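In what follows, a single structure is set out as structure tokens and then discussed.
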Amino acid sequence: ADMRLKFAGVFPVDHQGSKMMEQVKADIEAADVGLKVSVFPANQLGSGEALLEDVARGNIDFAAAFLYADTDPRLEILSMPFLVSDWDEMNSVMRDLGSEFNTIIQETLSDHGVRLLGQNPEGFVGIVATEEPTNWNSFDAKNMNIRVWSSNVVKTMVETLGYQATTMSWGDIFPAIQSGIVDGAICCTKTATYSIFAKSDVGTHFVQYNSIPENTSYYVSEKTWSELNEEQRTAVQAAFTKASDDFFAYNRENDSVFEQKLVDSGYTILKLSPEEQQAMADKVRAEIWPMLEDSVGKENIDRLLSSLK
Amino acid sequence: MAHITEILPKGIATSLHGSLKLMRWIVIFSGFLMSVTFFLVVIIRYGFNGDLFAYEEWLLAVCFWGFFAGSALASERGHHINADILGIIIKNPRIRWWRRLIVLTIEFLVTAAILYWGYLMLAEEIAKYPIWKTTPALKIPYFAWRLSIFLGFFFMTIFSASILYAHIRGFDVEYGDDPDPETTNNNKEAGQ
Amino acid sequence: MIIAGSLVIICGMLLLGVSVYVAFGAVLLFLAAMGGHEVSGYLPSGSTKMRSLVLLAIPLFMISGIIMERGKIAAPLVSLAELFIGHLKGGLMAATVLACGVFGSISGAANATLTCIGSIMMPHLRRSNYPEGQSAALIVCASPLGLLIPPSGNHILYGWVAQQSVLKCFLSTVIPALILITLLIVVNQFMLRKYDDIELIERPEDFKMAFRQKATLAVPALLMPLIILGGIYGGIMTPTEAAGVAVVYAIPVAIYVYRGLTWRTLVDALTDSGVIIGVVMVMIFMVLIVSKFLIFEDIPNIAKDLVYSISDNPIVILLMVNLVMILIGMLMDDISGLLLSTPILLPIVVGVGMDPIHFAAVLGVNLGMANITPPTAPLLYLGAKITKTPVSSMLLPTLIFIIFAWLPTLALTTFVPEIALWLPELLLG
Ligand code: NA
Ligand code: NA
């Protein structure tokens with residue numbers, strides 16, 4: 001009989017990421033190599049932290065999910081702000097599985113029995129706000145309280161940019177912004193901002209700081225991988241590579257589509273000039289990156305930096 | 001009626017007493033901390049425009065200890081939620097006795113199985129050392145609260161076993177709330 | 001096979017009288033025996049899932065409930081309600097229902113509502129010669145109003161699991177609660193008609209004076225819903241934070257205003273609430289694991305196919321879903337029922353076009369009922385203890401209240417979506 005594999009994801013059911021999961025399923029099954037795939041979207045089998053654990057254990061075979069540094073501090077490399085600044089860099093640094101960036105990530109994941117199959121940067125995370133932040137394009141105080149997730153790096157970065165930061169879990173963001181507990185949140189790509197906030201008439205401004213990419217990863221349990229034959233492995237890798245390519249093309253194309261949708265629904269998009277973007281990148285790299293040496297490791301950061309030159 | 005620890009050998013009883021006392025303090029402390037923390041979070045945000053950074057990381061760790069100490073205390077007192085209806089409907093003391101034996105045996109065996117799963121969880125965690133799973137901001141190891149789950153089920157298994165033992169030996173121990181004091185009293189008289 | 005086996009085990013265990021958390025553990029043993037996954041993943045997945053700040057609202061509601069009970073914070077509310085309708089036949093009982101409703105806006109849990117109102121009202125009802133079993137049953141059947149009137153621990157859990165706005169979920173059961181209050185009072189009046197030896201409370205000569213006195217005393221208690229609900233809807237705090245603020249507010253009010261509690265007995269209150277919290281959290285822990293591994297086995301899809309193979313008529317499907325929830329509710333307490341059934345039932349009802357907020361209301365009413373429907377009926381047993389009334393004398397009146405007040409409320413909430421959706425849409429868009 002065919003081997004049935006479980007594929008878990010964290011995107012909502014109607015999200016493009018879930019559609020890509022269905023595509024992976026279709027492609028693997030069409031390859032006719034004795035594999036069937038069951039897809040579980042929308043955190044059904046757990047959120048990112050839990051999925052990595054269950055994949056490592058072999059209870060889940062594939063995942064399309066965020067990699068959190070809970071499991072291993074070296075994974076903080078994924079939230080290095082201003083590592084990449086545009087879509088081309090995203091493609092070359094983050095998506096190429098042979099890049100130094102992904103080599104470091106694969107080394108880390110190997111220690112946990114997990115193998116990387118693809119990276120999916122979906123766009124840059126911006127700040128969703130209910131009013132225009134004063135001094136939004138400089139480092140001066142903005143008199144605005146922004147939700148951040150529990151990350152020293154992100155909190156310090158937001159404060160460096162001149163915001164007050166309040167840590168808050170993902171689940172609290174929507175009600176907190178809706179009711180005014182915070183004035184905004186660093187949380188979402190344009191696509192997500194539109195579907196989560198703009199559609200519900202929440203928020204008015206999207207501040208685009210091209211600093212942290214929203215990235216999910218495709219990964220497989222080493223246990224499962226070792227049970228597959230060469231032909232099956234090739235089919236699986238091919239399906240994931242294709243999905244990753246298609247997903248990236250979709251996101252790249254839709255960034256401007258959703259920007260327009262945001263504008264149409266009454267949002268103002270605040271964009272930095274190239275000089276302002278560079279100034280922020282320089283400051284953050286100088287002040288924030290050293291903070292990452294403890295978790296990511298100085299050696300790894302040096303490796304990464306020299307590969308980028 | 002005797003307290004459950006009174007029917008056990010002295011050495012065990014003394015250490016259980018100590019543990020119970022400790023668990024009560026854990027429960028009190030975590031309940032207090034939970035309430036005060038959220039109050040402070042609101043005050044700090046509105047009064048001082050500040051942020052209690054990553055407080056969920058230590059707060060949740062402490063709360064896990066409170067939760068599982070509380071469940072162990074609930075096992076000691078027989079307070080876990082169940083369907084008491086058969087205890088009200090069945091009047092025959094022999095059937096009552098047998099039903100209770102079956103229930104207590106199942107509770108003991110299943111709780112022991114959960115304890116074993118808890119052991120697997122900790123063993124796996126320890127085997128990963130030195131790359132421990134930690135919280136993102138404060139680097140609190142997951143082990144810090146997963147241990148509380150294991151210990152909680154450890155004590156739940158012990159109490160479950162003691163109560164089963166007391167039932168088989170026919171000791172009368174404090175356990176649970178009688179849903180219907182009148183009927184139970186009548187039955188006790190009828191049984192004697 | 002796995003569905004059938006899990007169902008048989010859960011039902012069998014619960015009917016036998018095994019603790020709910022153990023029944024879930026037995027299902028996990030069964031799933032382990034069926035193979036296909038590493039059991040070392042059971043507890044870690046529960047612990048990861050439970051590591052959520054949102055969830056802390058549940059224990060906080062338990063703590064504030066006990067502090068309010070020991071602190072006698074409900075007393076002035078009750079005496080205020082009595083003042084208005086105590087002189088009518090059945091008035092004291094109607095006042096009990098209303099007090100449960102008002103208290104619901106302070107408390108986020110049904111057991112707190114039951115202990116607070118029940119311990120105060122029952123002696124009054126007895127003194128006035130109201131039938132004992134019916135009185136106790138009415139208190140028990142009205143106590144889930146604590147969950148239907150916001151804030152509600154159940155809705156916080158539902159919002160968390162179903163990823164819905166908690167603020168909207170809160171509002172979805174306000175009108176169903178008003179319907180339930182009306183029905184409970186009407187049904188109760190009808191049941192009272194054969195009793196004519198009931199002593200009525202005399203209306204005070206100087207009503208205005210009495211009102212002023214009692215209202216002043218009730219102010220600190222009535223400030224609580226203002227702080228909690230005002231805080232939540234005014235954008236000052238999240239529901240979980242509000243639950244914490246409620247505890248910190250209740251402590252001095254209980255100690256210095258109503259003097260039901262001292263700093264010493266506060267420690268006892270915290271210990272006792274710790275035990276209740278332990279009971280609830282270990283159930284949540286186990287049910288989160290079970291629900292996850294049932295989803296691993298693709299149960300939600302299998303269940304959905306099963307339901308749709310019987311009928312694709314929305315009305316029939318909603319009836320079936322309600323029937324399933326009532327059965328789950330009989331076997332389980334509300335929290336376990338919610339966490340187990342939401343992932344399975346939500347896709348089914350969304351498939352026939354039901355709004356998830358509407359489902360929040362349907363689930364809310366169903367789960368309120370779950371606590372009072374035997375065999376697993378924690379509120380019924382707790383109510384018997386609080387009111388010192390034998391369960392056997394409460395069973396028949398409870399059944400009557402369920403059939404003539406709860407079920408009609410459930411039917412209206414299910415089939416008239418506006419009942420659930422009108423208020424959230426009006427206030428939150
Ligand atoms: Na309530
Ligand atoms: Na029930």
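Residues in the structure tokens are numbered from 1 in each chain, the chains being A, B, ... in the order shown, and ligands are numbered from 1 in the order shown.
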
Could I get the residues of chain C with an atom no further than 12 Å from an atom of ligand 2, each paired with its nearest atom pair and that distance in Å to one decimal, using only C-alpha atoms and all ligand atoms, sorted by chain and residue number, as a tab-separated table?
```
residue	atom	partner	partner_atom_place_in_ligand_line	distance
C:Cys11	CA	ligand 2	1 (Na)	11.9
C:Leu14	CA	ligand 2	1 (Na)	10.3
C:Leu15	CA	ligand 2	1 (Na)	11.0
C:Val20	CA	ligand 2	1 (Na)	11.1
C:Met325	CA	ligand 2	1 (Na)	10.1
C:Ile326	CA	ligand 2	1 (Na)	8.2
C:Leu327	CA	ligand 2	1 (Na)	8.1
C:Ile328	CA	ligand 2	1 (Na)	7.3
C:Gly329	CA	ligand 2	1 (Na)	4.4
C:Met330	CA	ligand 2	1 (Na)	3.4
C:Leu331	CA	ligand 2	1 (Na)	5.0
C:Met332	CA	ligand 2	1 (Na)	4.8
C:Asp333	CA	ligand 2	1 (Na)	5.3
C:Asp334	CA	ligand 2	1 (Na)	7.3
C:Ile335	CA	ligand 2	1 (Na)	10.5
C:Ser336	CA	ligand 2	1 (Na)	10.2
C:Gly337	CA	ligand 2	1 (Na)	8.8
C:Leu338	CA	ligand 2	1 (Na)	11.7
C:Asn366	CA	ligand 2	1 (Na)	9.9
C:Leu367	CA	ligand 2	1 (Na)	8.3
C:Gly368	CA	ligand 2	1 (Na)	9.1
C:Met369	CA	ligand 2	1 (Na)	7.1
C:Ala370	CA	ligand 2	1 (Na)	4.0
C:Asn371	CA	ligand 2	1 (Na)	4.6
C:Ile372	CA	ligand 2	1 (Na)	5.6
C:Thr373	CA	ligand 2	1 (Na)	4.2
C:Pro374	CA	ligand 2	1 (Na)	5.1
C:Pro375	CA	ligand 2	1 (Na)	6.0
C:Thr376	CA	ligand 2	1 (Na)	4.2
C:Ala377	CA	ligand 2	1 (Na)	4.2
C:Pro378	CA	ligand 2	1 (Na)	7.2
C:Leu379	CA	ligand 2	1 (Na)	8.7
C:Leu380	CA	ligand 2	1 (Na)	9.0
C:Tyr381	CA	ligand 2	1 (Na)	10.8
C:Ile402	CA	ligand 2	1 (Na)	11.9
```

Residue neighbourhood stretch 249-260 of chain A, 7 Å, only C-alpha atoms, exclusion window fewer than 6 positions, as a list in words | Glu122, Gly123, Lys190, Thr191 and Tyr194 of chain A

DSSP-assigned strand (DSSP E) among stretch 14-155 of chain A, expressed as a PyMOL selection string | chain A and resi 35-40+62-65+114-124+126-129+145-148

How would the residues just chosen look if you wrote them out with N, CA and C atoms as a PDB file, in the first residue's frame?
```pdb
ATOM      1  N   LEU A  35       3.400   7.380  -2.722  1.00  0.00           N
ATOM      2  CA  LEU A  35       3.195   8.283  -1.589  1.00  0.00           C
ATOM      3  C   LEU A  35       1.845   8.969  -1.698  1.00  0.00           C
ATOM      4  N   LYS A  36       1.143   9.037  -0.565  1.00  0.00           N
ATOM      5  CA  LYS A  36      -0.078   9.831  -0.472  1.00  0.00           C
ATOM      6  C   LYS A  36       0.161  10.872   0.613  1.00  0.00           C
ATOM      7  N   VAL A  37      -0.488  12.044   0.470  1.00  0.00           N
ATOM      8  CA  VAL A  37      -0.274  13.120   1.425  1.00  0.00           C
ATOM      9  C   VAL A  37      -1.614  13.588   1.998  1.00  0.00           C
ATOM     10  N   SER A  38      -1.686  13.733   3.318  1.00  0.00           N
ATOM     11  CA  SER A  38      -2.853  14.374   3.943  1.00  0.00           C
ATOM     12  C   SER A  38      -2.439  15.769   4.380  1.00  0.00           C
ATOM     13  N   VAL A  39      -3.220  16.766   3.986  1.00  0.00           N
ATOM     14  CA  VAL A  39      -2.879  18.154   4.285  1.00  0.00           C
ATOM     15  C   VAL A  39      -3.689  18.659   5.484  1.00  0.00           C
ATOM     16  N   PHE A  40      -3.005  19.280   6.431  1.00  0.00           N
ATOM     17  CA  PHE A  40      -3.668  19.871   7.601  1.00  0.00           C
ATOM     18  C   PHE A  40      -3.301  21.350   7.680  1.00  0.00           C
ATOM     19  N   PHE A  62       5.737  16.372   7.076  1.00  0.00           N
ATOM     20  CA  PHE A  62       6.152  17.638   6.482  1.00  0.00           C
ATOM     21  C   PHE A  62       5.481  18.793   7.209  1.00  0.00           C
ATOM     22  N   ALA A  63       6.142  19.961   7.185  1.00  0.00           N
ATOM     23  CA  ALA A  63       5.488  21.149   7.712  1.00  0.00           C
ATOM     24  C   ALA A  63       5.806  22.342   6.832  1.00  0.00           C
ATOM     25  N   ALA A  64       4.843  23.266   6.785  1.00  0.00           N
ATOM     26  CA  ALA A  64       5.047  24.573   6.174  1.00  0.00           C
ATOM     27  C   ALA A  64       4.774  25.557   7.292  1.00  0.00           C
ATOM     28  N   ALA A  65       5.845  26.042   7.946  1.00  0.00           N
ATOM     29  CA  ALA A  65       5.627  26.791   9.179  1.00  0.00           C
ATOM     30  C   ALA A  65       6.787  27.723   9.469  1.00  0.00           C
ATOM     31  N   VAL A 114      15.698  17.289  11.626  1.00  0.00           N
ATOM     32  CA  VAL A 114      14.791  17.910  10.666  1.00  0.00           C
ATOM     33  C   VAL A 114      15.590  18.344   9.440  1.00  0.00           C
ATOM     34  N   ARG A 115      14.977  18.224   8.251  1.00  0.00           N
ATOM     35  CA  ARG A 115      15.659  18.579   7.019  1.00  0.00           C
ATOM     36  C   ARG A 115      14.873  19.674   6.297  1.00  0.00           C
ATOM     37  N   LEU A 116      15.593  20.697   5.843  1.00  0.00           N
ATOM     38  CA  LEU A 116      14.970  21.834   5.176  1.00  0.00           C
ATOM     39  C   LEU A 116      14.663  21.472   3.721  1.00  0.00           C
ATOM     40  N   LEU A 117      13.455  21.788   3.247  1.00  0.00           N
ATOM     41  CA  LEU A 117      13.089  21.487   1.858  1.00  0.00           C
ATOM     42  C   LEU A 117      12.849  22.742   1.025  1.00  0.00           C
ATOM     43  N   GLY A 118      12.675  23.873   1.697  1.00  0.00           N
ATOM     44  CA  GLY A 118      12.416  25.098   0.939  1.00  0.00           C
ATOM     45  C   GLY A 118      12.185  26.256   1.888  1.00  0.00           C
ATOM     46  N   GLN A 119      12.417  27.486   1.386  1.00  0.00           N
ATOM     47  CA  GLN A 119      12.169  28.678   2.197  1.00  0.00           C
ATOM     48  C   GLN A 119      11.187  29.561   1.457  1.00  0.00           C
ATOM     49  N   ASN A 120      10.248  30.157   2.208  1.00  0.00           N
ATOM     50  CA  ASN A 120       9.224  30.970   1.570  1.00  0.00           C
ATOM     51  C   ASN A 120       9.121  32.365   2.168  1.00  0.00           C
ATOM     52  N   PRO A 121      10.026  33.267   1.789  1.00  0.00           N
ATOM     53  CA  PRO A 121       9.826  34.649   2.228  1.00  0.00           C
ATOM     54  C   PRO A 121       8.591  35.213   1.530  1.00  0.00           C
ATOM     55  N   GLU A 122       7.658  35.752   2.345  1.00  0.00           N
ATOM     56  CA  GLU A 122       6.381  36.194   1.763  1.00  0.00           C
ATOM     57  C   GLU A 122       6.321  37.693   1.553  1.00  0.00           C
ATOM     58  N   GLY A 123       7.323  38.395   2.032  1.00  0.00           N
ATOM     59  CA  GLY A 123       7.278  39.848   1.950  1.00  0.00           C
ATOM     60  C   GLY A 123       7.803  40.409   3.255  1.00  0.00           C
ATOM     61  N   PHE A 124       7.931  41.732   3.321  1.00  0.00           N
ATOM     62  CA  PHE A 124       8.444  42.334   4.539  1.00  0.00           C
ATOM     63  C   PHE A 124       7.311  42.636   5.503  1.00  0.00           C
ATOM     64  N   GLY A 126       5.545  44.903   8.035  1.00  0.00           N
ATOM     65  CA  GLY A 126       5.498  46.341   8.279  1.00  0.00           C
ATOM     66  C   GLY A 126       4.764  46.635   9.572  1.00  0.00           C
ATOM     67  N   ILE A 127       4.556  47.922   9.827  1.00  0.00           N
ATOM     68  CA  ILE A 127       3.814  48.306  11.021  1.00  0.00           C
ATOM     69  C   ILE A 127       2.410  48.733  10.609  1.00  0.00           C
ATOM     70  N   VAL A 128       1.426  48.082  11.182  1.00  0.00           N
ATOM     71  CA  VAL A 128       0.036  48.462  10.967  1.00  0.00           C
ATOM     72  C   VAL A 128      -0.316  49.451  12.061  1.00  0.00           C
ATOM     73  N   ALA A 129      -0.874  50.593  11.702  1.00  0.00           N
ATOM     74  CA  ALA A 129      -1.146  51.601  12.728  1.00  0.00           C
ATOM     75  C   ALA A 129      -2.508  52.225  12.530  1.00  0.00           C
ATOM     76  N   ASN A 145       2.539  53.563  20.654  1.00  0.00           N
ATOM     77  CA  ASN A 145       2.793  52.289  21.313  1.00  0.00           C
ATOM     78  C   ASN A 145       2.506  51.152  20.340  1.00  0.00           C
ATOM     79  N   ILE A 146       3.545  50.374  20.055  1.00  0.00           N
ATOM     80  CA  ILE A 146       3.455  49.345  19.030  1.00  0.00           C
ATOM     81  C   ILE A 146       3.602  47.966  19.658  1.00  0.00           C
ATOM     82  N   ARG A 147       2.746  47.066  19.253  1.00  0.00           N
ATOM     83  CA  ARG A 147       2.902  45.692  19.720  1.00  0.00           C
ATOM     84  C   ARG A 147       4.082  45.041  18.988  1.00  0.00           C
ATOM     85  N   VAL A 148       4.903  44.314  19.768  1.00  0.00           N
ATOM     86  CA  VAL A 148       5.930  43.482  19.161  1.00  0.00           C
ATOM     87  C   VAL A 148       5.782  42.065  19.698  1.00  0.00           C
TER      88      VAL A 148
END
```

Using only C-alpha atoms, determine which residues of chain A fall within 7 Å of chain B; present them as a list in words.
-> Ala69, Asp70, Thr71, Asp72, Ser150, Ser151, Asn152, Ala165, Thr166 and Thr167 of chain A

With chain C as the partner and 6 Å as the cut-off, tabulate the residues of chain A that qualify, each row holding the nearest pair of atoms and their distance in Å to one decimal, using only C-alpha atoms, sorted by chain and rising number, as a tab-separated table.
```
residue	atom	partner	partner_atom	distance
A:Asn59	CA	C:His37	CA	5.2
A:Ser179	CA	C:Gly235	CA	4.1
A:Gly180	CA	C:Gly235	CA	4.9
A:Ile181	CA	C:Gly235	CA	5.1
```

Any chance you could list, as a PyMOL selection string, the residues in stretch 37-226 of chain A that come up alpha helix (DSSP H) when DSSP is run on the backbone?
-> chain A and resi 48-57+87-89+100-110+152-160+170-179+190-192+222-226

Residues within 7 Å of ligand 1, counting only C-alpha atoms and all ligand atoms, as a PyMOL selection string = chain C and resi 104-109+145-152

Write to file, as a CSV table (one decimal), in the first residue's frame, the residues of the selection just made, with N, CA, C and O atoms.
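Output below, filename result22.csv:
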```
chain,number,residue,atom,x,y,z
C,104,GLY,N,-23.4,37.7,36.5
C,104,GLY,CA,-22.7,37.2,35.3
C,104,GLY,C,-21.8,38.3,34.7
C,104,GLY,O,-20.8,38.0,34.0
C,105,SER,N,-22.2,39.5,34.9
C,105,SER,CA,-21.4,40.6,34.3
C,105,SER,C,-20.1,40.9,35.1
C,105,SER,O,-19.3,41.6,34.7
C,106,ILE,N,-20.1,40.3,36.3
C,106,ILE,CA,-18.9,40.4,37.1
C,106,ILE,C,-18.0,39.2,36.9
C,106,ILE,O,-16.8,39.2,36.9
C,107,SER,N,-18.7,38.0,36.9
C,107,SER,CA,-17.9,36.8,36.9
C,107,SER,C,-17.8,36.2,35.5
C,107,SER,O,-18.7,36.3,34.7
C,108,GLY,N,-16.8,35.4,35.3
C,108,GLY,CA,-16.6,34.8,34.0
C,108,GLY,C,-16.8,33.3,34.0
C,108,GLY,O,-16.5,32.6,33.1
C,109,ALA,N,-17.3,32.8,35.2
C,109,ALA,CA,-17.5,31.4,35.3
C,109,ALA,C,-18.8,31.1,35.9
C,109,ALA,O,-19.4,31.9,36.7
C,145,LEU,N,-25.8,31.5,33.5
C,145,LEU,CA,-25.9,32.9,33.0
C,145,LEU,C,-24.6,33.6,33.2
C,145,LEU,O,-24.2,34.5,32.5
C,146,GLY,N,-23.8,33.1,34.2
C,146,GLY,CA,-22.5,33.6,34.4
C,146,GLY,C,-21.6,33.5,33.2
C,146,GLY,O,-20.6,34.3,33.0
C,147,LEU,N,-21.9,32.5,32.3
C,147,LEU,CA,-21.2,32.3,31.1
C,147,LEU,C,-21.8,33.0,29.9
C,147,LEU,O,-21.1,33.3,28.9
C,148,LEU,N,-23.1,33.2,30.0
C,148,LEU,CA,-23.8,33.8,28.8
C,148,LEU,C,-23.7,35.4,28.8
C,148,LEU,O,-23.7,36.0,27.8
C,149,ILE,N,-23.7,35.9,30.0
C,149,ILE,CA,-23.5,37.4,30.1
C,149,ILE,C,-21.9,37.6,30.2
C,149,ILE,O,-21.2,37.0,30.9
C,150,PRO,N,-21.4,38.5,29.3
C,150,PRO,CA,-20.0,38.7,29.3
C,150,PRO,C,-19.5,39.3,30.6
C,150,PRO,O,-20.2,40.1,31.3
C,151,PRO,N,-18.2,39.1,31.0
C,151,PRO,CA,-17.2,38.2,30.3
C,151,PRO,C,-17.5,36.7,30.6
C,151,PRO,O,-18.2,36.4,31.5
C,152,SER,N,-16.9,35.9,29.7
C,152,SER,CA,-17.1,34.5,29.8
C,152,SER,C,-15.8,33.7,29.5
C,152,SER,O,-15.2,33.9,28.4
```

Residues of chain B within 8 Å of chain C, using only C-alpha atoms, as a ChimeraX atom specification?
-> /B:24-25,27-28,31-32,34-39,41-42,56,60,66-74,79-86,88,99,103-104,106-107,110-111,113-114,117-118,120-121,146,179-182

Considering only C-alpha atoms, return as a PyMOL selection string whatever protein or nucleic-acid residues lie within 10 Å of stretch 207-216 of chain A, sequence-local ones (same chain, fewer than 5 positions apart) excluded.
-> chain A and resi 9-11+17+48+63-67+78-87+90+94-95+118-129+132-133+136-137+154+157+186-190+268-272+276-277+280-281+284

Stretch 196-211 of chain C environment, 8 Å, only C-alpha atoms, sequence neighbours closer than 6 positions dropped, as a ChimeraX atom specification | /C:80,83,86-89,128-130

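Proximity ranking of A:Tyr219, A:Phe174, A:Phe240, A:Phe197 relative to A:Leu109 places A:Tyr219 first, based on only C-alpha atoms.
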
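For the pair atom CA of A:Ile177 and atom CA of A:Ala198, the separation is 12.0 Å.
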
Interatomic distance, atom CA of B:Tyr175 to atom CA of C:Arg264 (Å, one decimal) =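 For atom CA of B:Tyr175 relative to atom CA of C:Arg264, the distance reads 25.6 Å.
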
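Coordinates place atom CA of C:Leu318 at a distance of 16.7 Å from atom CA of C:Leu421.
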
Between A:Ser221, A:Gln237, A:Ser226, A:Thr193, which has the minimum distance to A:Leu262 (counting only C-alpha atoms)?
->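 The answer is A:Thr193, which sits nearest to A:Leu262.
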